[in-house]
$ cat input12.cif   # mmCIF, C-alpha atoms
data_upload
#
loop_
_atom_site.group_PDB
_atom_site.id
_atom_site.type_symbol
_atom_site.label_atom_id
_atom_site.label_comp_id
_atom_site.auth_asym_id
_atom_site.auth_seq_id
_atom_site.Cartn_x
_atom_site.Cartn_y
_atom_site.Cartn_z
ATOM 1 C CA LYS T 26 -31.349 -27.092 -70.200
ATOM 2 C CA TRP T 27 -31.054 -30.643 -68.875
ATOM 3 C CA PRO T 28 -27.264 -30.820 -69.204
ATOM 4 C CA LEU T 29 -26.950 -27.631 -67.186
ATOM 5 C CA LEU T 30 -29.264 -28.995 -64.475
ATOM 6 C CA ALA T 31 -27.289 -32.244 -64.381
ATOM 7 C CA LEU T 32 -24.051 -30.295 -64.021
ATOM 8 C CA VAL T 33 -25.471 -28.299 -61.097
ATOM 9 C CA LEU T 34 -26.695 -31.501 -59.398
ATOM 10 C CA VAL T 35 -23.282 -33.149 -59.835
ATOM 11 C CA ALA T 36 -21.557 -30.077 -58.395
ATOM 12 C CA MET T 37 -23.927 -30.061 -55.407
ATOM 13 C CA ALA T 38 -23.357 -33.774 -54.775
ATOM 14 C CA ALA T 39 -19.592 -33.302 -54.971
ATOM 15 C CA ALA T 40 -19.766 -30.393 -52.545
ATOM 16 C CA ALA T 41 -21.715 -32.539 -50.083
ATOM 17 C CA TRP T 42 -18.909 -35.119 -50.070
ATOM 18 C CA LEU T 43 -16.112 -32.578 -49.576
ATOM 19 C CA PRO T 44 -15.323 -31.343 -46.063
ATOM 20 C CA ALA T 45 -16.964 -28.051 -45.364
ATOM 21 C CA PRO T 46 -14.620 -25.040 -45.465
ATOM 22 C CA ALA T 47 -15.984 -23.957 -42.077
ATOM 23 C CA GLN T 48 -14.755 -27.219 -40.545
ATOM 24 C CA ALA T 49 -11.263 -26.655 -41.906
ATOM 25 C CA THR T 50 -11.394 -23.107 -40.579
ATOM 26 C CA ASP T 51 -12.468 -24.347 -37.131
ATOM 27 C CA ASP T 52 -9.528 -26.745 -36.991
ATOM 28 C CA ASP T 53 -7.150 -24.025 -38.138
ATOM 29 C CA ARG T 54 -8.558 -21.638 -35.542
ATOM 30 C CA LYS T 55 -8.127 -24.165 -32.744
ATOM 31 C CA LYS T 56 -4.561 -24.879 -33.831
ATOM 32 C CA ALA T 57 -3.782 -21.152 -33.959
ATOM 33 C CA ALA T 58 -5.305 -20.641 -30.508
ATOM 34 C CA LEU T 59 -3.223 -23.498 -29.095
ATOM 35 C CA LYS T 60 -0.071 -21.984 -30.619
ATOM 36 C CA MET T 61 -0.907 -18.643 -28.981
ATOM 37 C CA LEU T 62 -1.541 -20.504 -25.743
ATOM 38 C CA GLU T 63 1.949 -22.015 -25.877
ATOM 39 C CA VAL T 64 3.490 -18.582 -26.421
ATOM 40 C CA ALA T 65 1.448 -17.121 -23.560
ATOM 41 C CA LYS T 66 2.445 -19.976 -21.240
ATOM 42 C CA PHE T 67 6.110 -19.416 -22.110
ATOM 43 C CA PHE T 68 5.912 -15.729 -21.160
ATOM 44 C CA TYR T 69 3.892 -16.551 -18.031
ATOM 45 C CA HIS T 70 6.520 -18.992 -16.775
ATOM 46 C CA GLU T 71 9.253 -16.465 -17.581
ATOM 47 C CA GLY T 72 7.498 -13.928 -15.332
ATOM 48 C CA LYS T 73 6.600 -11.658 -18.257
ATOM 49 C CA PHE T 74 2.999 -11.509 -17.191
ATOM 50 C CA LEU T 75 1.769 -8.657 -19.374
ATOM 51 C CA LYS T 76 3.201 -10.306 -22.503
ATOM 52 C CA ALA T 77 1.551 -13.536 -21.369
ATOM 53 C CA ALA T 78 -1.767 -11.711 -20.939
ATOM 54 C CA GLU T 79 -1.546 -10.471 -24.524
ATOM 55 C CA GLY T 80 -1.047 -14.041 -25.723
ATOM 56 C CA PHE T 81 -3.963 -15.354 -23.666
ATOM 57 C CA HIS T 82 -6.178 -12.578 -25.052
ATOM 58 C CA GLU T 83 -5.136 -13.430 -28.602
ATOM 59 C CA ALA T 84 -5.894 -17.104 -27.968
ATOM 60 C CA TYR T 85 -9.286 -16.081 -26.527
ATOM 61 C CA ALA T 86 -10.022 -13.902 -29.570
ATOM 62 C CA ILE T 87 -9.367 -16.899 -31.821
ATOM 63 C CA ASP T 88 -11.104 -19.512 -29.676
ATOM 64 C CA PRO T 89 -13.229 -17.938 -26.903
ATOM 65 C CA ARG T 90 -12.595 -20.458 -24.150
ATOM 66 C CA PRO T 91 -13.215 -19.102 -20.642
ATOM 67 C CA GLU T 92 -9.891 -20.587 -19.499
ATOM 68 C CA PHE T 93 -8.007 -18.329 -21.906
ATOM 69 C CA LEU T 94 -9.772 -15.243 -20.552
ATOM 70 C CA PHE T 95 -9.226 -16.353 -16.952
ATOM 71 C CA ASN T 96 -5.515 -16.893 -17.561
ATOM 72 C CA ALA T 97 -5.274 -13.480 -19.223
ATOM 73 C CA ALA T 98 -6.842 -11.930 -16.111
ATOM 74 C CA ARG T 99 -4.499 -13.889 -13.841
ATOM 75 C CA ALA T 100 -1.461 -12.747 -15.828
ATOM 76 C CA GLU T 101 -2.689 -9.137 -15.639
ATOM 77 C CA HIS T 102 -3.204 -9.590 -11.895
ATOM 78 C CA LEU T 103 0.354 -10.808 -11.405
ATOM 79 C CA GLY T 104 1.673 -8.136 -13.777
ATOM 80 C CA MET T 105 -0.069 -5.457 -11.678
ATOM 81 C CA ALA T 106 -2.414 -4.358 -14.469
ATOM 82 C CA LEU T 107 -5.078 -4.469 -11.792
ATOM 83 C CA GLU T 108 -7.876 -2.541 -13.506
ATOM 84 C CA LYS T 109 -7.657 -4.838 -16.522
ATOM 85 C CA ALA T 110 -7.572 -7.870 -14.230
ATOM 86 C CA VAL T 111 -10.794 -6.717 -12.541
ATOM 87 C CA GLU T 112 -12.469 -6.238 -15.917
ATOM 88 C CA HIS T 113 -11.460 -9.678 -17.174
ATOM 89 C CA TYR T 114 -12.192 -11.584 -13.938
ATOM 90 C CA GLN T 115 -15.654 -9.994 -13.970
ATOM 91 C CA ARG T 116 -16.140 -10.998 -17.577
ATOM 92 C CA CYS T 117 -15.143 -14.577 -16.658
ATOM 93 C CA LEU T 118 -17.851 -14.588 -14.017
ATOM 94 C CA THR T 119 -20.475 -13.328 -16.460
ATOM 95 C CA LEU T 120 -19.702 -16.195 -18.845
ATOM 96 C CA LYS T 121 -21.323 -18.579 -16.321
ATOM 97 C CA THR T 122 -19.079 -21.387 -17.435
ATOM 98 C CA ALA T 123 -19.687 -24.928 -16.220
ATOM 99 C CA ASN T 124 -16.137 -24.965 -14.849
ATOM 100 C CA LYS T 125 -16.905 -24.474 -11.152
ATOM 101 C CA LYS T 126 -13.215 -24.276 -10.173
ATOM 102 C CA LEU T 127 -12.593 -21.489 -12.692
ATOM 103 C CA ASN T 128 -15.604 -19.560 -11.382
ATOM 104 C CA GLU T 129 -14.469 -19.914 -7.765
ATOM 105 C CA ARG T 130 -10.915 -18.848 -8.559
ATOM 106 C CA ALA T 131 -12.115 -15.890 -10.639
ATOM 107 C CA LYS T 132 -14.301 -14.764 -7.743
ATOM 108 C CA LEU T 133 -11.446 -15.219 -5.218
ATOM 109 C CA TYR T 134 -8.890 -13.346 -7.325
ATOM 110 C CA LEU T 135 -11.392 -10.625 -8.190
ATOM 111 C CA GLY T 136 -11.822 -10.018 -4.459
ATOM 112 C CA GLN T 137 -8.055 -9.911 -3.967
ATOM 113 C CA VAL T 138 -7.550 -7.416 -6.781
ATOM 114 C CA LYS T 139 -10.371 -5.192 -5.555
ATOM 115 C CA ALA T 140 -8.904 -5.249 -2.032
ATOM 116 C CA THR T 141 -5.472 -4.363 -3.424
ATOM 117 C CA LEU T 142 -6.916 -1.481 -5.436
ATOM 118 C CA ALA T 143 -8.771 -0.226 -2.363
ATOM 119 C CA ALA T 144 -5.571 -0.385 -0.272
ATOM 120 C CA ILE T 145 -3.643 1.482 -2.971
ATOM 121 C CA ALA T 146 -6.356 4.153 -3.187
ATOM 122 C CA LYS T 147 -6.351 4.545 0.600
ATOM 123 C CA ALA T 148 -2.539 4.803 0.741
ATOM 124 C CA ARG T 149 -2.557 7.386 -2.042
ATOM 125 C CA ALA T 150 -5.207 9.440 -0.289
ATOM 126 C CA GLU T 151 -3.321 9.268 3.014
ATOM 127 C CA GLY T 152 -0.054 10.132 1.280
ATOM 128 C CA GLN T 153 -1.614 13.102 -0.466
ATOM 129 C CA GLN T 154 -3.175 14.267 2.780
ATOM 130 C CA SER T 155 0.098 13.853 4.663
ATOM 131 C CA ALA T 156 2.009 15.685 1.954
ATOM 132 C CA SER T 157 -0.475 18.548 1.927
ATOM 133 C CA ASP T 158 -0.393 18.699 5.748
ATOM 134 C CA LYS T 159 3.416 18.922 5.728
ATOM 135 C CA THR T 160 3.357 21.501 2.975
ATOM 136 C CA ALA T 161 0.879 23.583 4.957
ATOM 137 C CA ALA T 162 2.952 23.202 8.139
ATOM 138 C CA HIS T 163 6.118 24.153 6.304
ATOM 139 C CA LYS T 164 4.472 27.216 4.841
ATOM 140 C CA ALA T 165 3.278 28.193 8.290
ATOM 141 C CA GLY T 166 6.813 27.745 9.657
ATOM 142 C CA GLU T 167 5.761 24.999 12.044
ATOM 143 C CA LEU T 168 8.380 22.368 11.145
ATOM 144 C CA LYS T 169 10.319 21.334 14.165
ATOM 145 C CA HIS T 170 14.112 21.238 14.168
ATOM 146 C CA GLU T 171 14.003 17.430 14.243
ATOM 147 C CA GLU T 172 11.983 17.290 11.028
ATOM 148 C CA LYS T 173 14.508 19.540 9.253
ATOM 149 C CA ARG T 174 17.557 17.496 10.305
ATOM 150 C CA LEU T 175 19.272 15.420 7.633
ATOM 151 C CA GLU T 176 19.665 11.777 8.522
ATOM 152 C CA GLY T 177 23.150 10.425 9.314
ATOM 153 C CA MET T 178 25.009 13.626 8.520
ATOM 154 C CA THR T 179 26.520 14.213 11.967
ATOM 155 C CA GLU T 180 28.849 11.234 11.653
ATOM 156 C CA ILE T 181 30.204 12.209 8.239
ATOM 157 C CA ARG T 182 32.999 14.768 8.360
ATOM 158 C CA ALA T 183 34.736 14.209 5.025
ATOM 159 C CA ALA T 184 34.185 12.528 1.706
ATOM 160 C CA ASP T 185 36.967 10.048 2.563
ATOM 161 C CA PRO T 186 35.876 7.642 5.340
ATOM 162 C CA GLU T 187 39.525 7.283 6.495
ATOM 163 C CA ALA T 188 39.831 11.049 6.858
ATOM 164 C CA SER T 189 36.571 11.121 8.819
ATOM 165 C CA ARG T 190 37.865 8.511 11.221
ATOM 166 C CA LEU T 191 41.177 10.342 11.692
ATOM 167 C CA ALA T 192 39.421 13.649 12.200
ATOM 168 C CA SER T 193 37.226 12.183 14.909
ATOM 169 C CA GLY T 194 40.214 10.601 16.621
ATOM 170 C CA ALA T 195 38.833 7.098 16.314
ATOM 171 C CA ASN T 196 41.364 4.305 16.019
ATOM 172 C CA SER T 197 44.216 6.796 15.972
ATOM 173 C CA THR T 198 47.628 5.367 16.642
ATOM 174 C CA THR T 199 50.790 7.169 17.717
ATOM 175 C CA ASP T 200 54.255 6.363 16.477
ATOM 176 C CA ASP T 201 56.784 5.730 19.244
#
$ encode --input "input12.cif" --output "structure tokens"
Amino acid sequence: KWPLLALVLVAMAAAAWLPAPAQATDDDRKKAALKMLEVAKFFYHEGKFLKAAEGFHEAYAIDPRPEFLFNAARAEHLGMALEKAVEHYQRCLTLKTANKKLNERAKLYLGQVKATLAAIAKARAEGQQSASDKTAAHKAGELKHEEKRLEGMTEIRAADPEASRLASGANSTTDD
């Protein structure tokens, strides 16, 4: 009984002196996150913003730093994945990080993205309305002659520009 107890106590003492596996895992996680960050930064600087966003999200999943999430949102913003950018800027703001500059920039860019989405929605609505108005007018036979005219077709008389010029008499020369 005593030898077994002594063995357990020795094992516990040895374990106390060894670095905790969680510590090694934390270091490995931080290193992995920094590697993902480097990949994301590469894609960001190459203008491949959506690939960069994926890398920033992977870095954030490994090591949830608000900067990683912010940079993912910024890359989505620049890559025109605007709905995702809104979601991730908003999540940055809910983190209530101590980084005041990050919070201010997230709020600024969130406003920009929302304004862009509103402008796109308005343009789509106006375009759909205009298209339906023209379709209705066309069906009613109300299109004016000017609206039916093809653009630039009166000047073109042949597929060969030289033939068109000769046919119109422009720059014609006579042999003497």
$ residues_near_point --input "input12.cif" --point "(-4.1, -5.8, -16.7)" --cutoff "12 Å" --atoms "only C-alpha atoms" --output "VMD selection string"
chain T and resid 74 to 79 81 to 82 94 to 114 138
$ atom_distance --input "input12.cif" --atom1 "atom CA of Gln154 of chain T" --atom2 "atom CA of Gln137 of chain T"
25.6 Å
$ atom_distance --input "input12.cif" --atom1 "atom CA of Ala58 of chain T" --atom2 "atom CA of Gly136 of chain T"
28.9 Å
$ atom_distance --input "input12.cif" --atom1 "atom CA of Ala65 of chain T" --atom2 "atom CA of Asp52 of chain T"
19.8 Å
$ axis_aligned_box --input "input12.cif" --around "segment 91-94 of chain T" --padding-each-side "6 Å" --output "JSON"
{"center_x": -10.6, "center_y": -17.9, "center_z": -20.7, "size_x": 17.2, "size_y": 17.3, "size_z": 14.4}
